[in-house]
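Novice: Pasting query29.txt here (compact mmCIF, C-alpha atoms and all ligand atoms):
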# COMPACT_ATOMS: atom_id res chain seq x y z
CA MET A 8 2.15 11.74 6.86
CA ALA A 9 2.56 10.12 3.47
CA THR A 10 -0.77 9.87 1.74
CA VAL A 11 -1.40 8.17 -1.56
CA ASP A 12 -2.15 11.52 -3.20
CA ASP A 13 1.15 12.96 -1.92
CA LEU A 14 2.99 9.93 -3.20
CA VAL A 15 1.51 10.20 -6.70
CA THR A 16 2.17 13.95 -6.85
CA GLU A 17 5.77 13.43 -5.75
CA CYS A 18 6.26 10.71 -8.39
CA VAL A 19 4.91 13.02 -11.11
CA ASP A 20 7.41 15.67 -10.00
CA ALA A 21 10.20 13.08 -9.77
CA ILE A 22 9.95 11.90 -13.36
CA ALA A 23 10.42 15.48 -14.57
CA GLU A 24 13.82 15.56 -12.89
CA GLN A 25 17.13 14.87 -14.59
CA ASP A 26 17.48 11.47 -12.90
CA PRO A 27 13.88 10.21 -12.74
CA ARG A 28 14.77 6.77 -11.32
CA GLY A 29 16.89 8.21 -8.55
CA ALA A 30 14.22 10.79 -7.77
CA VAL A 31 11.50 8.11 -7.63
CA ARG A 32 13.69 6.02 -5.34
CA GLU A 33 13.97 9.00 -2.99
CA VAL A 34 10.18 9.49 -3.07
CA LEU A 35 9.64 5.82 -2.16
CA ASP A 36 12.26 5.94 0.61
CA ARG A 37 10.62 9.05 2.04
CA ALA A 38 7.14 7.52 1.87
CA LEU A 39 8.33 4.54 3.92
CA VAL A 40 10.10 6.73 6.48
CA LYS A 41 6.98 8.81 6.95
CA GLY A 42 5.03 5.60 7.35
CA LYS A 43 1.25 5.45 7.34
CA LEU A 44 1.19 4.45 3.69
CA ALA A 45 -0.75 1.32 4.52
CA ASP A 46 -3.24 3.34 6.60
CA SER A 47 -3.63 5.84 3.79
CA LEU A 48 -4.35 3.07 1.31
CA GLY A 49 -7.00 1.56 3.54
CA ASP A 50 -7.57 -2.16 3.24
CA PRO A 51 -7.59 -2.82 -0.50
CA ALA A 52 -8.47 -6.22 -1.88
CA ALA A 53 -5.79 -8.33 -3.50
CA GLY A 54 -4.90 -7.21 -6.99
CA LEU A 55 -3.50 -4.33 -8.97
CA THR A 56 -5.00 -0.92 -8.29
CA VAL A 57 -4.01 1.80 -10.73
CA LEU A 58 -3.28 4.99 -8.75
CA TYR A 59 -1.93 6.92 -11.75
CA ASN A 60 -1.46 6.10 -15.42
CA ALA A 61 0.06 8.30 -18.13
CA PRO A 62 2.39 7.69 -21.11
CA ASP A 63 5.47 8.44 -18.97
CA LEU A 64 4.44 7.16 -15.53
CA THR A 65 2.28 4.51 -13.89
CA VAL A 66 1.80 4.08 -10.15
CA LEU A 67 0.18 0.89 -8.88
CA ASN A 68 -0.80 -0.35 -5.47
CA VAL A 69 -0.15 -4.09 -5.67
CA VAL A 70 -1.61 -6.35 -2.99
CA TRP A 71 -0.26 -9.89 -3.34
CA PRO A 72 -2.50 -12.66 -1.97
CA PRO A 73 -0.96 -15.08 0.56
CA LEU A 74 1.30 -17.72 -1.02
CA PHE A 75 0.81 -16.18 -4.46
CA SER A 76 3.19 -16.78 -7.36
CA LEU A 77 3.07 -14.70 -10.52
CA PHE A 78 4.66 -16.11 -13.68
CA PRO A 79 7.76 -14.46 -15.18
CA HIS A 80 7.10 -11.27 -17.11
CA ASN A 81 8.91 -8.18 -18.28
CA HIS A 82 7.88 -4.52 -18.26
CA ARG A 83 10.11 -3.00 -20.98
CA MET A 84 10.46 0.08 -18.80
CA TRP A 85 12.24 0.79 -15.51
CA ALA A 86 10.39 0.25 -12.27
CA GLY A 87 10.65 1.11 -8.59
CA ILE A 88 9.10 -1.08 -5.90
CA CYS A 89 8.51 -0.23 -2.27
CA VAL A 90 7.11 -2.84 0.09
CA TYR A 91 4.99 -1.25 2.81
CA GLY A 92 3.69 -4.48 4.31
CA GLY A 93 4.68 -8.14 4.10
CA ARG A 94 7.25 -9.58 1.75
CA GLU A 95 7.81 -9.90 -2.00
CA ASP A 96 10.33 -12.44 -3.33
CA ASN A 97 11.63 -11.59 -6.80
CA ALA A 98 13.19 -14.26 -9.03
CA PHE A 99 15.11 -12.81 -11.95
CA TYR A 100 15.55 -14.39 -15.37
CA ARG A 101 17.58 -13.73 -18.46
CA ARG A 102 16.93 -14.75 -22.03
CA GLN A 103 18.77 -17.77 -23.36
CA GLY A 104 17.92 -18.64 -26.95
CA ALA A 105 14.17 -19.03 -27.24
CA THR A 106 13.67 -19.45 -23.51
CA ILE A 107 14.63 -17.85 -20.19
CA VAL A 108 16.80 -19.11 -17.33
CA ARG A 109 16.97 -18.15 -13.65
CA SER A 110 19.47 -15.48 -12.86
CA GLY A 111 19.43 -14.64 -9.17
CA GLY A 112 16.77 -13.21 -6.95
CA LYS A 113 15.99 -10.63 -4.33
CA GLU A 114 13.79 -10.89 -1.27
CA LEU A 115 12.10 -7.61 -0.54
CA LEU A 116 10.91 -7.12 3.01
CA GLU A 117 8.70 -4.46 4.52
CA GLY A 118 10.52 -1.14 4.24
CA ASP A 119 12.64 -2.17 1.24
CA VAL A 120 12.87 -0.18 -1.99
CA GLN A 121 14.18 -1.75 -5.19
CA LEU A 122 14.77 -0.30 -8.64
CA LEU A 123 14.47 -2.61 -11.67
CA GLY A 124 16.08 -1.86 -15.05
CA ASP A 125 14.25 -1.61 -18.37
CA ASP A 126 15.10 -5.16 -19.47
CA VAL A 127 14.35 -7.03 -16.23
CA ILE A 128 12.36 -10.27 -16.41
CA HIS A 129 11.04 -11.36 -13.04
CA ALA A 130 8.58 -13.65 -11.30
CA VAL A 131 7.13 -12.63 -7.96
CA HIS A 132 6.19 -14.80 -5.00
CA ASN A 133 4.60 -13.96 -1.69
CA PRO A 134 5.85 -16.72 0.64
CA ALA A 135 3.75 -15.58 3.60
CA ARG A 136 0.31 -16.68 4.72
CA SER A 137 -0.66 -13.01 4.83
CA TYR A 138 -1.08 -10.25 2.26
CA THR A 139 1.83 -8.23 0.92
CA GLY A 140 1.35 -4.59 -0.05
CA ALA A 141 3.71 -2.75 -2.37
CA ILE A 142 3.76 0.42 -4.43
CA HIS A 143 5.07 -0.21 -7.94
CA VAL A 144 6.16 2.80 -9.98
CA TYR A 145 6.89 2.39 -13.70
CA GLY A 146 8.65 4.84 -16.01
CA GLY A 147 6.06 4.50 -18.75
CA ASP A 148 2.55 3.32 -19.57
CA PHE A 149 2.32 -0.02 -17.77
CA ILE A 150 -1.17 -0.64 -19.16
CA ALA A 151 -0.52 0.02 -22.86
CA GLN A 152 3.11 -1.10 -23.29
CA PRO A 153 3.27 -4.35 -25.30
CA ARG A 154 5.49 -6.85 -23.50
CA SER A 155 5.83 -10.52 -22.57
CA GLN A 156 4.92 -13.06 -19.97
CA TRP A 157 6.24 -16.63 -19.76
CA ASP A 158 4.23 -19.72 -18.89
CA ALA A 159 5.17 -20.74 -15.34
CA GLU A 160 5.80 -24.37 -16.31
CA THR A 161 6.90 -24.40 -19.94
CA LEU A 162 8.54 -20.95 -19.85
CA GLU A 163 7.03 -20.33 -23.27
CA GLU A 164 6.96 -16.63 -24.16
CA GLN A 165 3.51 -15.12 -24.70
CA PRO A 166 2.12 -11.60 -25.08
CA TYR A 167 1.52 -10.01 -21.66
CA ASP A 168 -2.14 -10.19 -20.72
CA LEU A 169 -3.17 -7.93 -17.84
CA GLU A 170 -6.54 -9.66 -17.54
CA ALA A 171 -4.77 -13.03 -17.15
CA VAL A 172 -2.69 -11.48 -14.38
CA ARG A 173 -5.83 -10.20 -12.65
CA ARG A 174 -7.35 -13.69 -12.92
CA GLU A 175 -4.22 -15.18 -11.32
CA PHE A 176 -4.63 -12.80 -8.38
CA ALA A 177 -8.31 -13.73 -7.95
CA LEU A 178 -7.57 -17.47 -8.21
CA ALA A 179 -4.79 -17.30 -5.63
CA GLU A 180 -7.04 -15.45 -3.22
CA GLN A 181 -9.84 -17.94 -3.80
CA ARG A 182 -7.49 -20.90 -3.26
CA PHE A 183 -6.18 -19.44 0.00
CA ASN A 184 -9.64 -18.67 1.32
CA THR A 185 -11.03 -22.12 0.54
CA GLN A 186 -8.13 -24.27 1.66
CA PRO A 187 -8.89 -26.57 4.58
CA GLY A 188 -7.63 -25.78 8.07
FE FE A 201 6.56 -7.05 -12.57
Let me see the file written as structure tokens.
Ligand SMILES: [Fe+2]
Specialist:
Amino acid sequence: MATVDDLVTECVDAIAEQDPRGAVREVLDRALVKGKLADSLGDPAAGLTVLYNAPDLTVLNVVWPPLFSLFPHNHRMWAGICVYGGREDNAFYRRQGATIVRSGGKELLEGDVQLLGDDVIHAVHNPARSYTGAIHVYGGDFIAQPRSQWDAETLEEQPYDLEAVRREFALAEQRFNTQPG
């Protein structure tokens, strides 16, 4: 059975390999095949839970609230995503002059694993009226790395603000829980 501790240990081993991204992808594929990831994680509240954080690796459990949209942002490091419950729609962007423009997308369903390159800019949406759970693995220090986010409406580039992201999660959850009907 894949436990969270196993997963983190396997990711630490994977980034020491010659092809860290490929090795992390294999770890995520294996974790999904073994199943039970969701059971092992319990029933976490919506938000970003840091499972591991070091200069060369960060592992997050991300629980997206129902109908949540997170503004475009970059990571400036590669990432691997595995969806263990629900669905995560990724919209990709590329820079164009001082702004960004849409450049494709990818719907990730339960059981999907996706690698993202170092220069990816994406926005994430949970289209379902239920929570989505995903493990996000980053090839660096996700907490400390300076990077950017873009205003959802004006697409103005701003410094990434993790606390603003956490507030967005809380607001989305609050909105869903207080909506009529
Ligand atoms: Fe992201």
Novice: Of the residues A:Lys113, A:Arg101, A:Arg28, A:His80, which is the one nearest to ligand FE 201 (chain A), using only C-alpha atoms and all ligand atoms?
Specialist: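 Under the stated criterion, the closest residue is A:His80.
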Novice: Taking only residues of chain A that have an atom at most 9 Å from an atom of ligand FE 201 (chain A), what is each one's shortest atom pair and its distance in Å to one decimal, using only C-alpha atoms and all ligand atoms, in chain and number order, as CSV?
Specialist:
residue,atom,partner,partner_atom,distance
A:Leu77,CA,A:FE201,FE,8.7
A:Pro79,CA,A:FE201,FE,7.9
A:His80,CA,A:FE201,FE,6.2
A:Asn81,CA,A:FE201,FE,6.3
A:His82,CA,A:FE201,FE,6.4
A:Ala86,CA,A:FE201,FE,8.2
A:Asn97,CA,A:FE201,FE,8.9
A:Val127,CA,A:FE201,FE,8.6
A:Ile128,CA,A:FE201,FE,7.7
A:His129,CA,A:FE201,FE,6.2
A:Ala130,CA,A:FE201,FE,7.0
A:Val131,CA,A:FE201,FE,7.3
A:His143,CA,A:FE201,FE,8.4
Novice: Write a file of the just-selected residues containing C-alpha atoms, as an mmCIF file, in the frame of the given file.
Specialist:
data_model
loop_
_atom_site.group_PDB
_atom_site.id
_atom_site.type_symbol
_atom_site.label_atom_id
_atom_site.label_comp_id
_atom_site.auth_asym_id
_atom_site.auth_seq_id
_atom_site.Cartn_x
_atom_site.Cartn_y
_atom_site.Cartn_z
ATOM 1 C CA LEU A 77 3.070 -14.700 -10.520
ATOM 2 C CA PRO A 79 7.760 -14.460 -15.180
ATOM 3 C CA HIS A 80 7.100 -11.270 -17.110
ATOM 4 C CA ASN A 81 8.910 -8.180 -18.280
ATOM 5 C CA HIS A 82 7.880 -4.520 -18.260
ATOM 6 C CA ALA A 86 10.390 0.250 -12.270
ATOM 7 C CA ASN A 97 11.630 -11.590 -6.800
ATOM 8 C CA VAL A 127 14.350 -7.030 -16.230
ATOM 9 C CA ILE A 128 12.360 -10.270 -16.410
ATOM 10 C CA HIS A 129 11.040 -11.360 -13.040
ATOM 11 C CA ALA A 130 8.580 -13.650 -11.300
ATOM 12 C CA VAL A 131 7.130 -12.630 -7.960
ATOM 13 C CA HIS A 143 5.070 -0.210 -7.940
#
Novice: Using all atoms listed in the file for the distances, tell me which of A:Arg154, A:Arg173, A:Arg32, A:Arg102 is nearest to Val70 (chain A).
Specialist: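 So, comparing all the options, the nearest one is A:Arg173.
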Novice: Figure out the distance between CA of Ala159 (chain A) and CA of Phe78 (chain A), please, to one decimal in Å.
Specialist: 4.9 Å
Novice: Nearest to Leu116 (chain A): which of A:Leu39, A:Leu67, A:Ala151, A:Leu169 is it, counting only C-alpha atoms?
Specialist: A:Leu39
Novice: How far is it from CA of Pro27 (chain A) to CA of Trp157 (chain A), in Å with one decimal?
Specialist: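 Answer for the CA of Pro27 (chain A) to CA of Trp157 (chain A) separation: 28.8 Å.
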Novice: Restricting the calculation to all atoms listed in the file, which member of A:Asp96, A:Glu117, A:Glu24, A:Asp148 is positioned closest to Pro62 (chain A)?
Specialist: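 Looking only at the distances to Pro62 (chain A), the closest residue turns out to be A:Asp148.
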Novice: Restricting the calculation to all atoms listed in the file: of A:Gly112, A:Pro134, A:Thr106, A:Asp12, which residue gets closest to Glu160 (chain A)?
Specialist: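 Using all atoms listed in the file, the shortest distance to Glu160 (chain A) belongs to A:Thr106.
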Novice: If you take every atom of region 76-83 of chain A that the file lists and fit an axis-aligned box around them with 4 Å extra on each side, what centre and edge lengths come out in Å to one decimal, as JSON?
Specialist:
{"center_x": 6.6, "center_y": -9.9, "center_z": -14.2, "size_x": 15.0, "size_y": 21.8, "size_z": 21.6}
Novice: Taking (6.1, 9.9, 0.1) in the coordinates of the supplied file, I want to know which residues reach to within 6 Å of it, counting all atoms listed in the file; could you give the answer as a PyMOL selection string?
Specialist: chain A and resi 9+14+34-35+37-38
Novice: Check the smallest atom-to-atom distance from each of A:Ala141, A:Leu162, A:Val172, A:Gln121 to Gly104 (chain A) using all atoms listed in the file, then report the winner.
Specialist: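 Selected residue with least distance to Gly104 (chain A): A:Leu162.
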Novice: Would you write out, as a tab-separated table, a table of all residues in region 37-144 of chain A that have an atom no more than 12 Å from an atom of region 15-21 of chain A, listing for each the closest atom pair and the distance in Å to one decimal, considering only C-alpha atoms and ordering rows by chain and rising residue number?
Specialist:
residue	atom	partner	partner_atom	distance
A:Arg37	CA	A:Glu17	CA	10.2
A:Ala38	CA	A:Glu17	CA	9.7
A:Leu44	CA	A:Val15	CA	11.9
A:Val57	CA	A:Val15	CA	10.8
A:Leu58	CA	A:Val15	CA	7.4
A:Tyr59	CA	A:Val15	CA	6.9
A:Asn60	CA	A:Val15	CA	10.1
A:Ala61	CA	A:Val19	CA	9.8
A:Pro62	CA	A:Val19	CA	11.6
A:Asp63	CA	A:Val19	CA	9.1
A:Leu64	CA	A:Val19	CA	7.4
A:Thr65	CA	A:Cys18	CA	9.2
A:Val66	CA	A:Val15	CA	7.0
A:Leu67	CA	A:Val15	CA	9.7
A:Asn68	CA	A:Val15	CA	10.9
A:Ala86	CA	A:Cys18	CA	11.9
A:Gly87	CA	A:Cys18	CA	10.6
A:Ile142	CA	A:Val15	CA	10.3
A:His143	CA	A:Cys18	CA	11.0
A:Val144	CA	A:Cys18	CA	8.1
Novice: What's the separation between CA of Ala179 (chain A) and CA of Thr10 (chain A), in Å to one decimal place?
Specialist: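 According to the coordinates, CA of Ala179 (chain A) and CA of Thr10 (chain A) are separated by 28.4 Å.
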Novice: So that I can check the surroundings of Ser137 (chain A), please list as a ChimeraX atom specification every protein, DNA and RNA residue that reaches within 12 Å of it, counting all atoms listed in the file and ignoring chain neighbours fewer than 2 positions away.
Specialist: /A:53,70-75,92-95,133-135,139-140,180,183-184
